[in-house]
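*Asks:* Here you go, final29.txt (compact mmCIF, C-alpha atoms):
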```
# COMPACT_ATOMS: atom_id res chain seq x y z
CA MET K 868 -34.45 -4.25 26.46
CA SER K 869 -33.03 -1.43 24.33
CA LYS K 870 -31.53 -2.10 20.91
CA PHE K 871 -28.44 -0.28 22.18
CA ASP K 872 -27.84 -2.66 25.11
CA GLU K 873 -25.16 -4.65 23.29
CA ILE K 874 -23.02 -1.58 22.62
CA ARG K 875 -23.89 1.12 25.17
CA TYR K 876 -21.87 2.32 28.15
CA PHE K 877 -23.39 1.99 31.61
CA TYR K 878 -26.23 4.09 32.91
CA ASP K 879 -25.32 5.93 36.11
CA HIS K 880 -27.64 3.75 38.22
CA GLU K 881 -25.61 0.68 37.13
CA VAL K 882 -22.21 2.15 37.87
CA ASN K 883 -21.74 1.24 41.53
CA GLU K 884 -22.75 -2.40 41.10
CA LYS K 885 -20.55 -2.81 37.99
CA LEU K 886 -17.58 -1.17 39.70
CA GLN K 887 -17.98 -3.43 42.75
CA SER K 888 -18.03 -6.45 40.42
CA ILE K 889 -14.43 -5.79 39.33
CA ALA K 890 -13.17 -4.02 42.49
CA ARG K 891 -11.19 -7.05 43.71
CA ASP K 892 -9.88 -8.10 40.30
CA PRO K 893 -6.05 -8.32 40.34
CA MET K 894 -5.97 -5.96 37.37
CA MET K 895 -7.90 -3.33 39.35
CA LYS K 896 -5.38 -3.68 42.17
CA ALA K 897 -2.55 -3.15 39.68
CA LEU K 898 -4.30 -0.11 38.17
CA MET K 899 -4.95 1.47 41.59
CA SER K 900 -1.39 0.76 42.80
CA PHE K 901 -0.13 2.55 39.69
CA THR K 902 -2.54 5.48 40.13
CA PHE K 903 -2.23 5.89 43.90
CA PRO K 904 1.17 4.45 44.88
CA GLY K 905 1.46 3.71 48.58
CA VAL K 906 -2.29 3.91 49.23
CA GLU K 907 -3.76 0.88 51.01
CA GLU K 908 -6.21 -1.25 49.05
CA GLN K 909 -8.89 -0.77 51.69
CA VAL K 910 -8.81 3.01 51.16
CA TRP K 911 -9.84 2.95 47.49
CA LEU K 912 -12.21 0.00 48.03
CA GLU K 913 -13.98 2.19 50.56
CA GLN K 914 -14.01 5.13 48.13
CA PHE K 915 -15.55 2.92 45.43
CA LYS K 916 -18.67 2.61 47.60
CA ASN K 917 -19.41 6.30 46.99
CA ILE K 918 -19.04 6.15 43.19
CA ASN K 919 -22.55 6.43 41.74
CA SER K 920 -22.01 7.81 38.25
CA ILE K 921 -19.57 7.70 35.36
CA SER K 922 -18.69 11.30 36.14
CA ASP K 923 -17.76 10.34 39.73
CA PHE K 924 -15.52 7.55 38.45
CA GLN K 925 -13.85 9.72 35.81
CA HIS K 926 -13.21 12.69 38.10
CA GLN K 927 -12.07 10.70 41.16
CA PHE K 928 -10.13 7.87 39.54
CA VAL K 929 -9.66 7.89 35.75
CA ALA K 930 -8.34 11.47 35.56
CA TYR K 931 -5.74 10.64 38.24
CA ALA K 932 -4.70 7.50 36.34
CA VAL K 933 -4.18 9.46 33.11
CA ARG K 934 -2.22 12.19 34.93
CA GLN K 935 -0.03 9.48 36.44
CA ILE K 936 0.59 7.97 32.97
CA LEU K 937 1.69 11.41 31.77
CA ALA K 938 3.91 11.94 34.82
CA LYS K 939 5.62 8.55 34.53
CA SER K 940 5.96 8.05 30.79
CA SER K 941 5.92 11.44 29.06
CA ASP K 942 7.53 14.86 29.09
CA GLY K 943 4.12 16.51 29.23
CA LEU K 944 0.98 17.21 27.26
CA THR K 945 0.30 20.47 25.40
CA THR K 946 -2.85 21.51 23.56
CA SER K 947 -4.16 24.10 21.12
CA GLY K 948 -7.49 24.98 19.53
CA PHE K 949 -9.76 23.90 22.38
CA ASP K 950 -10.32 27.49 23.53
CA LYS K 951 -12.32 28.08 20.34
CA LEU K 952 -14.90 25.44 21.31
CA ASP K 953 -18.05 26.25 23.28
CA LYS K 954 -18.10 24.60 26.71
CA ASN K 955 -21.81 23.75 26.59
CA THR K 956 -21.90 22.32 23.07
CA SER K 957 -21.48 18.65 22.19
CA TYR K 958 -19.09 17.88 19.32
CA LEU K 959 -18.16 14.85 17.28
CA TYR K 960 -14.38 14.61 17.66
CA ILE K 961 -12.76 12.63 14.84
CA SER K 962 -9.04 12.09 15.38
CA ASN K 963 -6.10 10.27 13.93
CA HIS K 964 -5.47 7.05 15.82
CA ARG K 965 -2.12 6.12 17.33
CA ASP K 966 -2.86 4.45 20.66
CA ILE K 967 -5.73 2.14 21.66
CA VAL K 968 -6.40 3.71 25.07
CA LEU K 969 -4.43 6.95 25.29
CA ASP K 970 -5.84 8.87 22.30
CA THR K 971 -9.30 9.18 23.83
CA SER K 972 -8.05 9.22 27.46
CA LEU K 973 -5.85 12.24 26.80
CA LEU K 974 -8.61 14.03 24.88
CA ASN K 975 -10.99 13.50 27.78
CA LEU K 976 -8.48 14.71 30.36
CA VAL K 977 -8.12 17.90 28.29
CA LEU K 978 -11.92 18.29 28.07
CA LEU K 979 -12.35 17.65 31.79
CA GLU K 980 -9.67 20.17 32.81
CA SER K 981 -10.93 22.84 30.41
CA GLY K 982 -14.58 22.41 31.41
CA HIS K 983 -15.83 21.09 28.05
CA ILE K 984 -18.31 18.25 27.61
CA MET K 985 -16.46 14.92 27.80
CA THR K 986 -16.99 12.21 25.21
CA ALA K 987 -18.65 8.89 24.76
CA SER K 988 -15.89 7.02 22.94
CA ALA K 989 -15.93 4.20 20.42
CA ILE K 990 -13.82 1.11 21.13
CA GLY K 991 -13.60 -2.16 19.19
CA ASP K 992 -15.23 -5.03 21.09
CA ASN K 993 -12.23 -7.18 20.11
CA LEU K 994 -10.10 -5.02 22.44
CA VAL K 995 -12.22 -5.59 25.54
CA LYS K 996 -12.95 -9.32 25.47
CA ARG K 997 -11.68 -9.75 29.02
CA ASN K 998 -14.50 -9.07 31.46
CA PHE K 999 -12.40 -6.62 33.49
CA LEU K 1000 -11.53 -4.51 30.44
CA ASN K 1001 -15.13 -4.64 29.15
CA VAL K 1002 -16.56 -3.35 32.43
CA LEU K 1003 -13.79 -0.77 32.88
CA ALA K 1004 -14.36 0.54 29.34
CA LYS K 1005 -18.12 0.97 29.93
CA LEU K 1006 -17.45 2.63 33.29
CA ASN K 1007 -15.37 5.14 31.35
CA ARG K 1008 -18.17 5.91 28.87
CA ASN K 1009 -16.93 3.73 26.02
CA PHE K 1010 -19.43 2.19 23.62
CA LEU K 1011 -18.60 -0.89 21.58
CA VAL K 1012 -17.91 -1.15 17.87
CA GLN K 1013 -18.82 -4.71 16.95
CA ARG K 1014 -16.09 -6.32 14.87
CA GLY K 1015 -15.91 -9.44 12.70
CA LEU K 1016 -19.63 -9.73 11.96
CA PRO K 1017 -21.13 -11.28 8.80
CA LEU K 1018 -22.06 -8.63 6.21
CA ARG K 1019 -25.79 -8.45 6.96
CA GLU K 1020 -25.22 -8.18 10.72
CA GLN K 1021 -22.47 -5.64 10.06
CA LEU K 1022 -24.94 -3.33 8.29
CA SER K 1023 -27.45 -3.65 11.11
CA SER K 1024 -24.71 -3.03 13.71
CA SER K 1025 -23.52 0.07 11.82
CA GLN K 1026 -27.08 1.42 11.70
CA THR K 1027 -27.45 0.89 15.45
CA MET K 1028 -24.15 2.61 16.18
CA SER K 1029 -25.00 5.51 13.89
CA GLU K 1030 -28.30 6.05 15.73
CA TYR K 1031 -26.57 5.73 19.10
CA ILE K 1032 -24.04 8.40 18.17
CA ALA K 1033 -26.82 10.69 16.92
CA ILE K 1034 -28.73 10.29 20.20
CA GLN K 1035 -25.60 11.05 22.24
CA LEU K 1036 -24.92 14.26 20.31
CA GLN K 1037 -28.42 15.56 19.75
CA GLU K 1038 -30.55 14.31 22.64
CA GLU K 1039 -28.06 13.73 25.46
CA ASN K 1040 -25.83 16.73 24.61
CA ARG K 1041 -22.91 14.32 24.97
CA SER K 1042 -19.79 14.74 22.84
CA VAL K 1043 -18.54 11.67 20.97
CA TRP K 1044 -15.06 10.52 19.93
CA ILE K 1045 -14.35 8.16 17.07
CA ALA K 1046 -11.13 7.39 15.23
CA GLN K 1047 -10.91 8.42 11.57
CA ARG K 1048 -10.36 4.78 10.64
CA GLU K 1049 -10.83 1.25 11.94
CA GLY K 1050 -7.65 0.35 13.79
CA ARG K 1051 -4.59 2.47 14.40
CA ALA K 1052 -2.47 3.97 11.62
CA LYS K 1053 0.58 1.70 11.79
CA ASP K 1054 2.56 3.51 9.09
CA GLY K 1055 2.05 7.13 10.19
CA ASN K 1056 -0.35 7.90 7.31
CA ASP K 1057 -3.50 9.46 8.76
CA THR K 1058 -6.41 9.00 6.38
CA THR K 1059 -10.15 8.97 7.07
CA GLN K 1060 -11.93 5.83 5.95
CA GLN K 1061 -15.04 6.63 3.96
CA GLY K 1062 -16.73 3.69 5.70
CA VAL K 1063 -16.60 5.59 9.01
CA LEU K 1064 -18.43 8.54 7.44
CA LYS K 1065 -20.93 6.20 5.72
CA MET K 1066 -21.73 4.70 9.12
CA LEU K 1067 -22.30 8.18 10.59
CA ALA K 1068 -24.61 9.08 7.67
CA MET K 1069 -26.89 6.08 8.28
CA ALA K 1070 -28.83 8.01 10.95
CA ALA K 1071 -29.54 10.99 8.66
CA GLY K 1072 -33.16 9.93 8.09
CA ASP K 1073 -34.94 12.44 5.85
CA GLN K 1074 -32.16 15.02 6.08
CA SER K 1075 -29.71 15.51 3.24
CA LEU K 1076 -26.22 14.19 3.90
CA ILE K 1077 -24.78 17.70 4.15
CA ASP K 1078 -27.51 19.05 6.45
CA TYR K 1079 -27.09 16.04 8.72
CA PHE K 1080 -23.32 16.35 8.89
CA LYS K 1081 -23.77 20.01 9.89
CA THR K 1082 -25.77 18.89 12.95
CA LEU K 1083 -22.90 16.59 14.04
CA LYS K 1084 -20.48 19.52 14.56
CA ILE K 1085 -17.40 17.56 13.51
CA VAL K 1086 -14.11 18.67 15.08
CA PRO K 1087 -10.98 17.03 13.59
CA VAL K 1088 -8.37 16.34 16.28
CA SER K 1089 -4.64 15.88 15.63
CA ILE K 1090 -2.80 13.74 18.17
CA SER K 1091 0.99 13.71 18.00
CA TYR K 1092 3.39 11.68 20.17
CA GLU K 1093 7.11 12.50 20.00
CA TYR K 1094 7.89 8.80 20.53
CA ASP K 1095 5.30 6.15 19.69
CA PRO K 1096 5.49 3.71 22.63
CA THR K 1097 4.12 0.94 20.40
CA ASP K 1098 6.33 1.61 17.36
CA SER K 1099 8.15 -1.74 17.46
CA LEU K 1100 4.87 -3.62 18.06
CA LYS K 1101 3.50 -2.23 14.79
CA MET K 1102 6.42 -3.60 12.80
CA PRO K 1103 5.36 -7.28 12.36
CA GLN K 1104 2.13 -6.21 10.63
CA LEU K 1105 3.94 -3.71 8.39
CA LEU K 1106 6.54 -6.33 7.43
CA ALA K 1107 3.81 -8.90 6.70
CA GLN K 1108 2.15 -6.38 4.37
CA HIS K 1109 5.51 -5.79 2.70
CA ARG K 1110 5.84 -9.54 2.08
CA GLU K 1111 2.19 -9.66 0.96
CA GLU K 1112 1.42 -12.16 3.71
CA GLU K 1113 -1.71 -12.35 5.84
CA TYR K 1114 -1.05 -10.99 9.32
CA ILE K 1115 -2.60 -12.93 12.21
CA LYS K 1116 -2.57 -11.29 15.63
CA GLY K 1117 -1.11 -13.15 18.59
CA LYS K 1118 -3.46 -14.19 21.41
CA ASN K 1119 -2.58 -11.39 23.84
CA GLU K 1120 -1.33 -8.89 21.27
CA ASP K 1121 -4.02 -6.24 21.81
CA PHE K 1122 -3.64 -6.41 25.58
CA ASN K 1123 0.17 -6.14 25.37
CA THR K 1124 -0.23 -3.18 22.99
CA ILE K 1125 -2.56 -1.46 25.48
CA LEU K 1126 -0.01 -1.93 28.29
CA SER K 1127 2.89 -0.75 26.11
CA GLY K 1128 0.90 2.34 25.11
CA ILE K 1129 0.24 3.18 28.74
CA LEU K 1130 3.67 2.42 30.21
CA GLY K 1131 6.01 3.08 27.26
CA GLN K 1132 7.95 6.34 26.88
CA LYS K 1133 6.16 8.96 24.78
CA LYS K 1134 8.23 12.07 25.52
CA ARG K 1135 6.14 15.12 24.45
CA ILE K 1136 2.51 14.87 23.32
CA HIS K 1137 0.35 17.49 21.59
CA LEU K 1138 -3.39 17.58 20.93
CA HIS K 1139 -4.92 20.11 18.55
CA ALA K 1140 -8.64 20.68 18.09
CA GLY K 1141 -9.39 21.89 14.57
CA ASP K 1142 -12.24 24.18 13.55
CA VAL K 1143 -15.77 22.80 13.42
CA ILE K 1144 -16.48 21.61 9.87
CA ASP K 1145 -19.37 23.80 8.71
CA ALA K 1146 -18.85 26.32 5.89
CA GLU K 1147 -16.90 23.71 3.93
CA LEU K 1148 -20.05 21.57 3.87
CA ASP K 1149 -21.94 24.39 2.09
CA VAL K 1150 -19.26 24.40 -0.61
CA ILE K 1151 -19.56 20.62 -1.02
CA ALA K 1152 -23.37 20.87 -1.25
CA ALA K 1153 -23.09 23.56 -3.94
CA THR K 1154 -20.48 21.80 -6.05
CA ILE K 1155 -20.95 18.03 -5.62
CA GLU K 1156 -24.20 16.10 -6.09
CA ASN K 1157 -23.04 12.49 -5.84
CA LYS K 1158 -23.33 11.21 -2.26
CA ASN K 1159 -20.17 9.09 -2.36
CA LYS K 1160 -18.18 12.00 -3.75
CA GLN K 1161 -19.60 14.22 -1.00
CA LEU K 1162 -18.32 11.71 1.58
CA GLN K 1163 -14.91 11.66 -0.17
CA ALA K 1164 -14.78 15.46 0.03
CA ILE K 1165 -15.69 15.45 3.75
CA ALA K 1166 -13.01 12.81 4.40
CA GLN K 1167 -10.49 15.04 2.59
CA ILE K 1168 -11.41 18.05 4.76
CA ILE K 1169 -10.92 15.97 7.93
CA ASP K 1170 -7.59 14.63 6.62
CA ASP K 1171 -6.33 18.08 5.65
CA SER K 1172 -7.17 19.47 9.09
CA ILE K 1173 -5.51 16.58 10.94
CA ILE K 1174 -2.37 16.70 8.79
CA ARG K 1175 -2.09 20.50 8.78
CA ASN K 1176 -2.44 20.76 12.57
CA TYR K 1177 -0.28 17.74 13.44
CA LYS K 1178 2.58 18.82 15.70
CA LEU K 1179 5.87 17.83 14.08
CA TRP K 1180 8.30 16.84 16.82
CA PRO K 1181 12.07 16.59 16.14
CA THR K 1182 11.70 12.79 15.74
CA LYS K 1183 9.71 13.30 12.51
CA TYR K 1184 12.47 15.45 10.96
CA ILE K 1185 15.23 13.10 12.17
CA ALA K 1186 13.44 10.09 10.66
CA TYR K 1187 13.00 11.92 7.34
CA ASP K 1188 16.69 12.84 7.14
CA LEU K 1189 17.82 9.32 8.09
CA LEU K 1190 15.40 7.76 5.61
CA HIS K 1191 16.57 9.95 2.74
CA ASN K 1192 20.20 10.21 3.89
CA THR K 1193 20.07 14.00 3.95
CA HIS K 1194 20.51 16.89 6.37
CA THR K 1195 17.53 18.81 4.95
CA TYR K 1196 15.95 19.34 8.37
CA ALA K 1197 19.07 19.43 10.56
CA SER K 1198 17.97 22.83 11.92
CA GLN K 1199 14.86 21.19 13.43
CA TYR K 1200 16.71 18.96 15.91
CA THR K 1201 19.87 18.73 17.99
CA GLU K 1202 22.63 16.16 17.58
CA GLN K 1203 21.66 14.74 20.99
CA GLU K 1204 18.04 14.27 19.88
CA LYS K 1205 19.26 12.53 16.74
CA GLN K 1206 21.54 10.16 18.66
CA LEU K 1207 18.76 9.31 21.12
CA PHE K 1208 16.44 8.48 18.25
CA ILE K 1209 19.07 6.32 16.53
CA ARG K 1210 19.65 4.49 19.80
CA ARG K 1211 15.90 3.89 20.11
CA LEU K 1212 15.77 2.51 16.57
CA GLU K 1213 18.70 0.16 17.24
CA MET K 1214 17.08 -1.14 20.44
CA ARG K 1215 13.63 -1.69 18.93
CA ILE K 1216 14.32 -3.26 15.54
CA ASP K 1217 17.13 -5.08 13.75
CA PRO K 1218 19.00 -2.11 12.24
CA SER K 1219 20.89 -4.42 9.86
CA ASP K 1220 17.61 -5.29 8.10
CA PRO K 1221 17.08 -2.50 5.52
CA VAL K 1222 13.34 -3.22 5.14
CA SER K 1223 12.67 -3.02 8.88
CA LYS K 1224 14.71 0.17 9.10
CA GLU K 1225 12.85 1.76 6.18
CA TYR K 1226 9.41 0.97 7.63
CA PHE K 1227 10.37 2.14 11.13
CA LEU K 1228 11.71 5.45 9.83
CA ALA K 1229 8.75 5.95 7.47
CA MET K 1230 6.35 5.48 10.40
CA TYR K 1231 7.89 8.57 12.00
CA ALA K 1232 8.58 10.54 8.80
CA ASN K 1233 5.19 10.14 7.07
CA PRO K 1234 3.35 12.88 9.03
CA LEU K 1235 6.03 15.33 7.80
CA VAL K 1236 5.82 13.96 4.23
CA ASN K 1237 2.03 14.31 4.27
CA LYS K 1238 2.22 17.88 5.53
CA LEU K 1239 4.75 18.77 2.82
CA LYS K 1240 2.45 17.25 0.17
CA LEU K 1241 -0.54 19.18 1.54
CA GLU K 1242 1.41 22.42 1.41
CA GLY K 1243 2.76 21.63 -2.07
CA ASN K 1244 6.36 21.51 -0.85
CA PHE K 1245 7.15 17.84 -1.29
CA PRO K 1246 9.95 17.22 -3.80
CA GLY K 1247 8.62 13.76 -4.76
```
Take the structure in the file and write it out as structure tokens.
*Replies:*
Amino acid sequence: MSKFDEIRYFYDHEVNEKLQSIARDPMMKALMSFTFPGVEEQVWLEQFKNINSISDFQHQFVAYAVRQILAKSSDGLTTSGFDKLDKNTSYLYISNHRDIVLDTSLLNLVLLESGHIMTASAIGDNLVKRNFLNVLAKLNRNFLVQRGLPLREQLSSSQTMSEYIAIQLQEENRSVWIAQREGRAKDGNDTTQQGVLKMLAMAAGDQSLIDYFKTLKIVPVSISYEYDPTDSLKMPQLLAQHREEEYIKGKNEDFNTILSGILGQKKRIHLHAGDVIDAELDVIAATIENKNKQLQAIAQIIDDSIIRNYKLWPTKYIAYDLLHNTHTYASQYTEQEKQLFIRRLEMRIDPSDPVSKEYFLAMYANPLVNKLKLEGNFPG
């Protein structure tokens, strides 16, 4: 029994048996009907018999499912920056986090189609409590982040995950994806939690923090959706925070959020791969001695890259102008785009509630605000 068994994705020799164990689950039928409309159940059940690795499953089924999601609920996916990455090198992709399933699914579709090494991806175990979702996640090379543990167990779990990530990158030549923070950014502010970097550093061993982070080959990734399909679902938590109340998730909230993310309208989507963080680490090593301050500086570099390379769709400019009651960015959108966005707002929240309206608009406007601050152009 390996110490990684509680969190790891499946080994290839386990794949066929695990896939067969969920093949007749109603949720699999729904997923396959969505991916291959009009194809008889017996056809894909027969094809499942020949799936003997995660790669088989991703190439023959998952990639088609993600393409179908894009075809049915978006106006297309564009990318930039990936051509600068070596196709035979494993990277640690750290991205902003907007959607539970799609962020990593879209990244991996891009990597698959461009011939880069695909990722092992972190997912909270609270999101895959249902057996079907747990097995499906591990068939798609997801490893589990254990949530809600007592402090001592949390430290041990973080150490295990840190070592697992290191093994993926350095021994398996497998890229890894993790979000820059625990949970999605509900308010549009993309900031890297230092705790994520502390967890990564736990496997450094005898190496200095900076030397170890160089070996990880961190690539910040900026993910930008023109419309957030889960925008209205993020509102109750934001409003609870506004009222300084504890927010308690509903029983099926995570599952409903996953479905909304997949099926909801996203319009255009852009993924940008930033430059590998390397030379900046030398500067940190030469100027900062304190380990915590080094981690803060690394977090800032990741944040700056994600914010700087975040694609600003018209919705961000519209939200800013509506929020501030200006026409500052009127040249960045059409009147039709503005009216569509206003209609979306009116359908998804109570527009007569000024607090709801402010939080909804800020969710869309904050990536623009953060970019303006980074560039020193923010009036506030």
*Asks:* Tell me, as a CSV table (one decimal) with C-alpha atoms, in the frame of the given file, which residues lie within 6 Å of region 1027-1034 of chain K, counting only C-alpha atoms; anything in the same chain fewer than 3 positions away does not count.
*Replies:*
```
chain,number,residue,atom,x,y,z
K,1024,SER,CA,-24.7,-3.0,13.7
K,1037,GLN,CA,-28.4,15.6,19.8
K,1038,GLU,CA,-30.6,14.3,22.6
K,1066,MET,CA,-21.7,4.7,9.1
K,1067,LEU,CA,-22.3,8.2,10.6
K,1069,MET,CA,-26.9,6.1,8.3
K,1070,ALA,CA,-28.8,8.0,11.0
```
*Asks:* Could you tell me how far CA of Asn1237 (chain K) sits from CA of Glu1225 (chain K), in Å to one decimal place?
*Replies:* 16.7 Å
*Asks:* Can you list, as a PDB file with C-alpha atoms, in the coordinates of the input, every protein, DNA or RNA residue that comes within 12 Å of Ile874 (chain K) when you count all atoms listed in the file, leaving out same-chain residues fewer than 6 positions away?
*Replies:*
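Produced file selection.pdb, reproduced below:
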```
ATOM      1  CA  ALA K 987     -18.650   8.890  24.760  1.00  0.00           C
ATOM      2  CA  SER K 988     -15.890   7.020  22.940  1.00  0.00           C
ATOM      3  CA  ALA K 989     -15.930   4.200  20.420  1.00  0.00           C
ATOM      4  CA  ILE K 990     -13.820   1.110  21.130  1.00  0.00           C
ATOM      5  CA  GLY K 991     -13.600  -2.160  19.190  1.00  0.00           C
ATOM      6  CA  ASP K 992     -15.230  -5.030  21.090  1.00  0.00           C
ATOM      7  CA  VAL K 995     -12.220  -5.590  25.540  1.00  0.00           C
ATOM      8  CA  ASN K1001     -15.130  -4.640  29.150  1.00  0.00           C
ATOM      9  CA  VAL K1002     -16.560  -3.350  32.430  1.00  0.00           C
ATOM     10  CA  ALA K1004     -14.360   0.540  29.340  1.00  0.00           C
ATOM     11  CA  LYS K1005     -18.120   0.970  29.930  1.00  0.00           C
ATOM     12  CA  ARG K1008     -18.170   5.910  28.870  1.00  0.00           C
ATOM     13  CA  ASN K1009     -16.930   3.730  26.020  1.00  0.00           C
ATOM     14  CA  PHE K1010     -19.430   2.190  23.620  1.00  0.00           C
ATOM     15  CA  LEU K1011     -18.600  -0.890  21.580  1.00  0.00           C
ATOM     16  CA  VAL K1012     -17.910  -1.150  17.870  1.00  0.00           C
ATOM     17  CA  GLN K1013     -18.820  -4.710  16.950  1.00  0.00           C
ATOM     18  CA  ARG K1014     -16.090  -6.320  14.870  1.00  0.00           C
ATOM     19  CA  SER K1024     -24.710  -3.030  13.710  1.00  0.00           C
ATOM     20  CA  SER K1025     -23.520   0.070  11.820  1.00  0.00           C
ATOM     21  CA  THR K1027     -27.450   0.890  15.450  1.00  0.00           C
ATOM     22  CA  MET K1028     -24.150   2.610  16.180  1.00  0.00           C
ATOM     23  CA  SER K1029     -25.000   5.510  13.890  1.00  0.00           C
ATOM     24  CA  GLU K1030     -28.300   6.050  15.730  1.00  0.00           C
ATOM     25  CA  TYR K1031     -26.570   5.730  19.100  1.00  0.00           C
ATOM     26  CA  ILE K1032     -24.040   8.400  18.170  1.00  0.00           C
TER      27      ILE K1032
END
```
*Asks:* Neighbouring residues of Thr946 (chain K) were defined as those with any atom within 12 Å, considering all atoms listed in the file; residues of the same chain fewer than 3 positions away were excluded. Please report them as a list in words.
*Replies:* Gly943, Phe949, Asp950, Lys951, Leu973, Leu974, Leu976, Val977, Leu978, Glu980, Ser981, Val1088, Ser1089, Ile1090, Ser1091, Arg1135, Ile1136, His1137, Leu1138, His1139, Ala1140, Gly1141, Asn1176, Tyr1177 and Lys1178 of chain K
*Asks:* Distance CA of Ile1129 (chain K)-CA of Leu969 (chain K), one decimal place?
*Replies:*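 Calculated distance between CA of Ile1129 (chain K) and CA of Leu969 (chain K) is 6.9 Å.
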*Asks:* With all atoms listed in the file as the atoms that count, which of K:Phe928, K:Ala1046, K:Thr902, K:Arg1215 lies nearest to Gln914 (chain K)?
*Replies:* K:Phe928
*Asks:* Please report the interatomic distance between CA of Ile921 (chain K) and CA of Lys870 (chain K) in Å with one decimal.
*Replies:*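 These atoms are spaced 21.2 Å apart.
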*Asks:* Counting only C-alpha atoms, which of K:Asn993, K:Ser947, K:Ser869, K:Asn919 gets nearest to Gln887 (chain K)?
*Replies:*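 Checking each of K:Asn993, K:Ser947, K:Ser869, K:Asn919 against Gln887 (chain K), counting only C-alpha atoms, the winner is K:Asn919.
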*Asks:* For the structure just given, write the atoms of region 1165-1187 of chain K, namely C-alpha atoms, as a short mmCIF file (atom, residue, chain, number, x, y, z; two decimals), in the first residue's frame.
*Replies:*
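Generated file (result39.cif):
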```
data_model
loop_
_atom_site.label_atom_id
_atom_site.label_comp_id
_atom_site.auth_asym_id
_atom_site.auth_seq_id
_atom_site.Cartn_x
_atom_site.Cartn_y
_atom_site.Cartn_z
CA ILE K 1165 6.70 34.33 -5.67
CA ALA K 1166 2.93 34.68 -5.11
CA GLN K 1167 3.16 38.28 -6.37
CA ILE K 1168 4.98 37.19 -9.54
CA ILE K 1169 2.28 34.58 -10.24
CA ASP K 1170 -0.48 37.14 -9.57
CA ASP K 1171 1.12 39.78 -11.80
CA SER K 1172 1.45 37.29 -14.67
CA ILE K 1173 -2.15 36.07 -14.36
CA ILE K 1174 -3.57 39.60 -14.12
CA ARG K 1175 -1.37 41.06 -16.87
CA ASN K 1176 -2.23 38.27 -19.33
CA TYR K 1177 -5.92 38.01 -18.47
CA LYS K 1178 -8.01 38.58 -21.60
CA LEU K 1179 -10.41 41.46 -20.96
CA TRP K 1180 -13.65 40.73 -22.80
CA PRO K 1181 -16.24 43.49 -23.43
CA THR K 1182 -18.23 42.26 -20.39
CA LYS K 1183 -15.44 43.46 -18.05
CA TYR K 1184 -15.52 47.00 -19.50
CA ILE K 1185 -19.34 47.10 -19.51
CA ALA K 1186 -19.47 46.02 -15.86
CA TYR K 1187 -16.91 48.69 -14.91
#
```
